[in-house]
Amino acid sequence: MQNISGKPISFYCGIMKLKQICQVSKYMRSTVRFLGQPAAESHPHLISEGEVTPGLTRKEFHNRRCNLVKAALNSFRGVKTVNHHLFVFPSATTVYMTNDIPYPFRQNSDFLYFCGFQEPDSALLIAANSQSSRNGEHVAHLFVPRKDPAKELWDGPRSGADGALLLTGVDGAFNSNELEKYLQFYLKDHKDFVLWYNHGSPVHAEFHNRVLAQVMRDQKHKCVESTTAISHQLRCIKSEAEVQLMQESAKIASESFKEVMRFSKPQINEAQLWAKMDYECRLRGAEFLAYPPVVAGGPRANTIHYIANNQVVADGQMVLMDAGCEYHGYASDLTRTWPVSGRFTEPQKLLYDATLRVQEACIRLCTTDNSLDDIYHQMLLFLAAELIQLKIITPISPFENKQHLARKFCPHHVGHYLGMDVHDTNDVSRQIKLKPNMVVTIEPGIYISENEFTVSPEFRGLGIRIEDNILVTNSSPVNLSESCPKKVTDIENLFLK
């Protein structure tokens, strides 16, 4: 591959990296506080030496890229004579709510997973060849927004190429406007290659339309393979460092839920409970809530994804809150249902305890013997048994009828994978057996409409869901959100303190 001066692009990249490394000490001394994201030198309370993001080291990110290369090349079933592989991961871009007012930026999860760089309008390129499949050997280059004092005056600091190299430990870093030139060099130097890129759902529209669509039209690539399935398979199994981050995320959400429950009272507005949850999570170190929460008082709990959160919760009603936080890139996702008065009525308690027994039985099934779908089918049977006991449904012996009737009162699945995203790694089937270091949610519910006249009046309008975050291990499952109260007595006791 040749650049303008006639030298190979690999030579050019090597010289650039050498220059960047030589400038690191000077750069750190003079501009460390102006990097585009926290670093060990500027945020020692958050990040230790050698980490890219809190808790995650440069070595871990390098190993992730190696695992990507090994998994992709070993699974590739295309043209066997193709030796070269190019992986492209664009970052997210800034999205504006109006004119020049941006929404809070959140990095694309796959891009973040493989390099840890937090700035928008960037791209990670990973080059490998067929000999790399054994050990995952690769060359990783980042393309990032260039330093621009005028823009940084308004929007905050950028790391620039030098800062990106320093932060992430990739093999080379360049300005984003050099991406097109880099790819032109790559096309010149390679007769054929496999392009690994999520072209079906482009993350960055401008990069896709201006640069990557042109590469895809070039006849030198033999095929285009999506990165999504492989990256999701890798992300689904958490490292020990990731488990610790998820444990902390669940702990923050659990402790925050306690404060929200204590804060509850009759006639409180759902929006106030939402605000209290947001405040308590941020107070404990979370960056923000992981998703728009459900705060559903009374019969509104029967709308599964109710997020209006603008009604008053009357005395004697329960509130269902589905909320979690994001802590250094990792989400928690909990649901609790409690009476705003601090005391369950007898019908509320009966239905709540039935839901809790089902949830605890499903948690015990979170082992390597079962898939999420297996647990779901068991959940429906557990629910049917409880609903029969409460005389909400009649005893019917056929297996299929029990599942059908239970599904009427719980129309959603038992859970999903959890990680960097709330509904994480959705390319991973819920039919596969669970594996150690997967994290899943377990969230059965019972929802009875106000208009469900086949049910006794005392249960009508009640909606209950209980959700925890479960780490799968080689032995018993671990409830990461165990500290969040969910027994009737524990919830009621919160109101006495």
# chains A, B, ... in the order shown; residues from 1 in each chain; ligands from 1
>>> select_by_dssp(residues="region 158-405 of chain A", states="helix (DSSP H, G or I)", output="ChimeraX atom specification")
/A:160-168,176-189,205-217,228-236,240-263,270-283,298-302,346-364,372-389,399-405
>>> residues_around(residues="region 109-122 of chain A", least_positions_apart="6", cutoff="9 Å", atoms="only C-alpha atoms", output="PyMOL selection string")
chain A and resi 36-37+52-53+56+58+61-65+68+89-94+142-145+158-159+164+167-170+175-176+204+207+228+231-232+235+329+420-421
>>> write_last_selection(atoms="C-alpha atoms", output="PDB file, in the first residue's frame")
ATOM      1  CA  GLY A  36     -11.503  14.386  25.647  1.00  0.00           C
ATOM      2  CA  GLN A  37     -12.233  11.802  28.351  1.00  0.00           C
ATOM      3  CA  VAL A  52      -8.609   3.156  29.311  1.00  0.00           C
ATOM      4  CA  THR A  53     -11.965   3.436  31.050  1.00  0.00           C
ATOM      5  CA  LEU A  56     -10.762  -1.784  32.035  1.00  0.00           C
ATOM      6  CA  ARG A  58      -5.405  -1.387  27.652  1.00  0.00           C
ATOM      7  CA  PHE A  61      -9.121  -3.976  25.102  1.00  0.00           C
ATOM      8  CA  HIS A  62      -6.222  -5.504  23.146  1.00  0.00           C
ATOM      9  CA  ASN A  63      -7.378  -9.004  24.131  1.00  0.00           C
ATOM     10  CA  ARG A  64     -10.898  -8.179  22.982  1.00  0.00           C
ATOM     11  CA  ARG A  65      -9.594  -7.226  19.546  1.00  0.00           C
ATOM     12  CA  LEU A  68     -12.580 -10.691  17.605  1.00  0.00           C
ATOM     13  CA  PHE A  89     -16.251   0.002  13.721  1.00  0.00           C
ATOM     14  CA  PRO A  90     -17.582   3.571  13.488  1.00  0.00           C
ATOM     15  CA  SER A  91     -18.386   5.473  16.664  1.00  0.00           C
ATOM     16  CA  ALA A  92     -21.681   7.167  17.388  1.00  0.00           C
ATOM     17  CA  THR A  93     -22.188  10.748  16.344  1.00  0.00           C
ATOM     18  CA  THR A  94     -23.708  13.667  18.203  1.00  0.00           C
ATOM     19  CA  LEU A 142      -8.143   4.921  15.453  1.00  0.00           C
ATOM     20  CA  PHE A 143      -9.421   7.890  13.462  1.00  0.00           C
ATOM     21  CA  VAL A 144     -10.576  10.685  15.755  1.00  0.00           C
ATOM     22  CA  PRO A 145     -11.670  14.338  15.544  1.00  0.00           C
ATOM     23  CA  ARG A 158     -10.773  16.725  22.210  1.00  0.00           C
ATOM     24  CA  SER A 159      -8.028  14.170  22.635  1.00  0.00           C
ATOM     25  CA  ALA A 164      -6.178   8.909  21.486  1.00  0.00           C
ATOM     26  CA  LEU A 167      -5.382   6.779  26.074  1.00  0.00           C
ATOM     27  CA  THR A 168      -6.132   3.569  24.205  1.00  0.00           C
ATOM     28  CA  GLY A 169      -2.813   1.949  23.308  1.00  0.00           C
ATOM     29  CA  VAL A 170      -3.866   1.177  19.737  1.00  0.00           C
ATOM     30  CA  ASN A 175      -7.414  12.540  12.363  1.00  0.00           C
ATOM     31  CA  SER A 176     -10.866  11.497  11.161  1.00  0.00           C
ATOM     32  CA  HIS A 204     -22.508   6.682  11.510  1.00  0.00           C
ATOM     33  CA  PHE A 207     -18.964   7.897   7.360  1.00  0.00           C
ATOM     34  CA  THR A 228     -22.638  -7.740  14.840  1.00  0.00           C
ATOM     35  CA  SER A 231     -19.147  -8.878  18.626  1.00  0.00           C
ATOM     36  CA  HIS A 232     -22.359  -9.806  20.448  1.00  0.00           C
ATOM     37  CA  ARG A 235     -19.784  -9.207  24.655  1.00  0.00           C
ATOM     38  CA  GLY A 329     -20.505   1.767  30.301  1.00  0.00           C
ATOM     39  CA  MET A 420     -23.244  -2.572  27.996  1.00  0.00           C
ATOM     40  CA  ASP A 421     -26.793  -2.228  26.678  1.00  0.00           C
TER      41      ASP A 421
END
>>> residues_around(residues="Ala140 (chain A)", least_positions_apart="6", cutoff="8 Å", atoms="only C-alpha atoms", output="number ranges by chain")
A: 124-127, 170-172
>>> atom_distance(atom1="CA of His328 (chain A)", atom2="CA of Cys362 (chain A)")
28.9 Å
>>> residues_around(residues="Thr337 (chain A)", least_positions_apart="4", cutoff="8 Å", atoms="only C-alpha atoms", output="list in words")
Met318, Val319, Leu320, Met321, Ile464, Arg465 and Ile466 of chain A
>>> atom_distance(atom1="CA of Tyr352 (chain A)", atom2="CA of Cys366 (chain A)")
21.6 Å
>>> residues_around(residues="region 296-305 of chain A", least_positions_apart="2", cutoff="8 Å", atoms="only C-alpha atoms", output="PyMOL selection string")
chain A and resi 270+294+307+309+311-314+317-321+447-450+461-464
>>> residues_around(residues="Leu73 (chain A)", least_positions_apart="3", cutoff="7 Å", atoms="only C-alpha atoms", output="number ranges by chain")
A: 69-70, 76, 130, 133
>>> residues_around(residues="Glu259 (chain A)", least_positions_apart="2", cutoff="12 Å", atoms="only C-alpha atoms", output="list in words")
Ile252, Ala253, Ser254, Glu255, Ser256, Phe257, Met261, Arg262, Phe263, Ser264, Leu273, Trp274, Ala275, Lys276, Met277, Asp278, Tyr279, Glu280, Cys281, Leu283, Arg284, Cys484, Pro485, Ile491, Leu494, Phe495 and Lys497 of chain A
>>> write_last_selection(atoms="C-alpha atoms", output="mmCIF file, in the first residue's frame")
data_model
loop_
_atom_site.group_PDB
_atom_site.id
_atom_site.type_symbol
_atom_site.label_atom_id
_atom_site.label_comp_id
_atom_site.auth_asym_id
_atom_site.auth_seq_id
_atom_site.Cartn_x
_atom_site.Cartn_y
_atom_site.Cartn_z
ATOM 1 C CA ILE A 252 -25.979 1.617 42.909
ATOM 2 C CA ALA A 253 -29.444 0.925 41.479
ATOM 3 C CA SER A 254 -30.368 -1.257 44.480
ATOM 4 C CA GLU A 255 -29.365 1.349 47.049
ATOM 5 C CA SER A 256 -31.136 4.034 45.056
ATOM 6 C CA PHE A 257 -34.340 1.984 44.962
ATOM 7 C CA MET A 261 -39.241 3.562 48.328
ATOM 8 C CA ARG A 262 -38.615 5.544 51.536
ATOM 9 C CA PHE A 263 -39.429 8.742 49.635
ATOM 10 C CA SER A 264 -42.818 7.372 48.535
ATOM 11 C CA LEU A 273 -40.134 9.169 41.929
ATOM 12 C CA TRP A 274 -38.353 9.257 38.559
ATOM 13 C CA ALA A 275 -36.397 12.340 39.623
ATOM 14 C CA LYS A 276 -35.503 10.763 42.965
ATOM 15 C CA MET A 277 -34.143 7.636 41.238
ATOM 16 C CA ASP A 278 -32.074 9.709 38.825
ATOM 17 C CA TYR A 279 -30.688 11.810 41.679
ATOM 18 C CA GLU A 280 -29.807 8.866 43.922
ATOM 19 C CA CYS A 281 -28.055 6.961 41.112
ATOM 20 C CA LEU A 283 -25.150 10.679 43.746
ATOM 21 C CA ARG A 284 -23.608 7.186 43.986
ATOM 22 C CA CYS A 484 -32.579 -4.350 46.812
ATOM 23 C CA PRO A 485 -35.508 -5.296 49.108
ATOM 24 C CA ILE A 491 -40.297 -3.382 51.886
ATOM 25 C CA LEU A 494 -38.227 0.513 54.926
ATOM 26 C CA PHE A 495 -41.124 2.828 55.724
ATOM 27 C CA LYS A 497 -36.965 3.920 59.249
#
>>> select_by_dssp(residues="region 66-307 of chain A", states="strand (DSSP E)", output="number ranges by chain")
A: 84-90, 96-98, 101-102, 123-129, 139-144, 172-175, 193-196, 221-225, 268-269, 288-289, 294-297
>>> atom_distance(atom1="CA of Tyr197 (chain A)", atom2="CA of Gln431 (chain A)")
25.8 Å
>>> closest_atom_pairs(of="region 281-341 of chain A", to="region 97-107 of chain A", cutoff="12 Å", atoms="only C-alpha atoms", output="Markdown table")
| residue | atom | partner | partner_atom | distance |
| --- | --- | --- | --- | --- |
| A:Glu287 | CA | A:Arg106 | CA | 10.4 |
| A:Phe288 | CA | A:Pro104 | CA | 9.8 |
| A:Leu289 | CA | A:Pro104 | CA | 11.8 |
| A:Ala290 | CA | A:Arg106 | CA | 10.5 |
| A:Tyr291 | CA | A:Arg106 | CA | 11.7 |
| A:Glu326 | CA | A:Arg106 | CA | 10.6 |
| A:His328 | CA | A:Arg106 | CA | 11.1 |
| A:Gly329 | CA | A:Gln107 | CA | 8.8 |
| A:Tyr330 | CA | A:Gln107 | CA | 11.9 |
>>> write_last_selection(atoms="C-alpha atoms", output="CSV table (one decimal), in the first residue's frame")
chain,number,residue,atom,x,y,z
A,287,GLU,CA,-23.4,8.6,34.8
A,288,PHE,CA,-27.1,8.5,34.1
A,289,LEU,CA,-30.1,6.2,34.1
A,290,ALA,CA,-29.7,3.3,31.7
A,291,TYR,CA,-33.1,3.9,30.0
A,326,GLU,CA,-25.3,3.1,33.6
A,328,HIS,CA,-18.8,3.4,33.3
A,329,GLY,CA,-20.5,1.8,30.3
A,330,TYR,CA,-22.4,-1.1,32.1
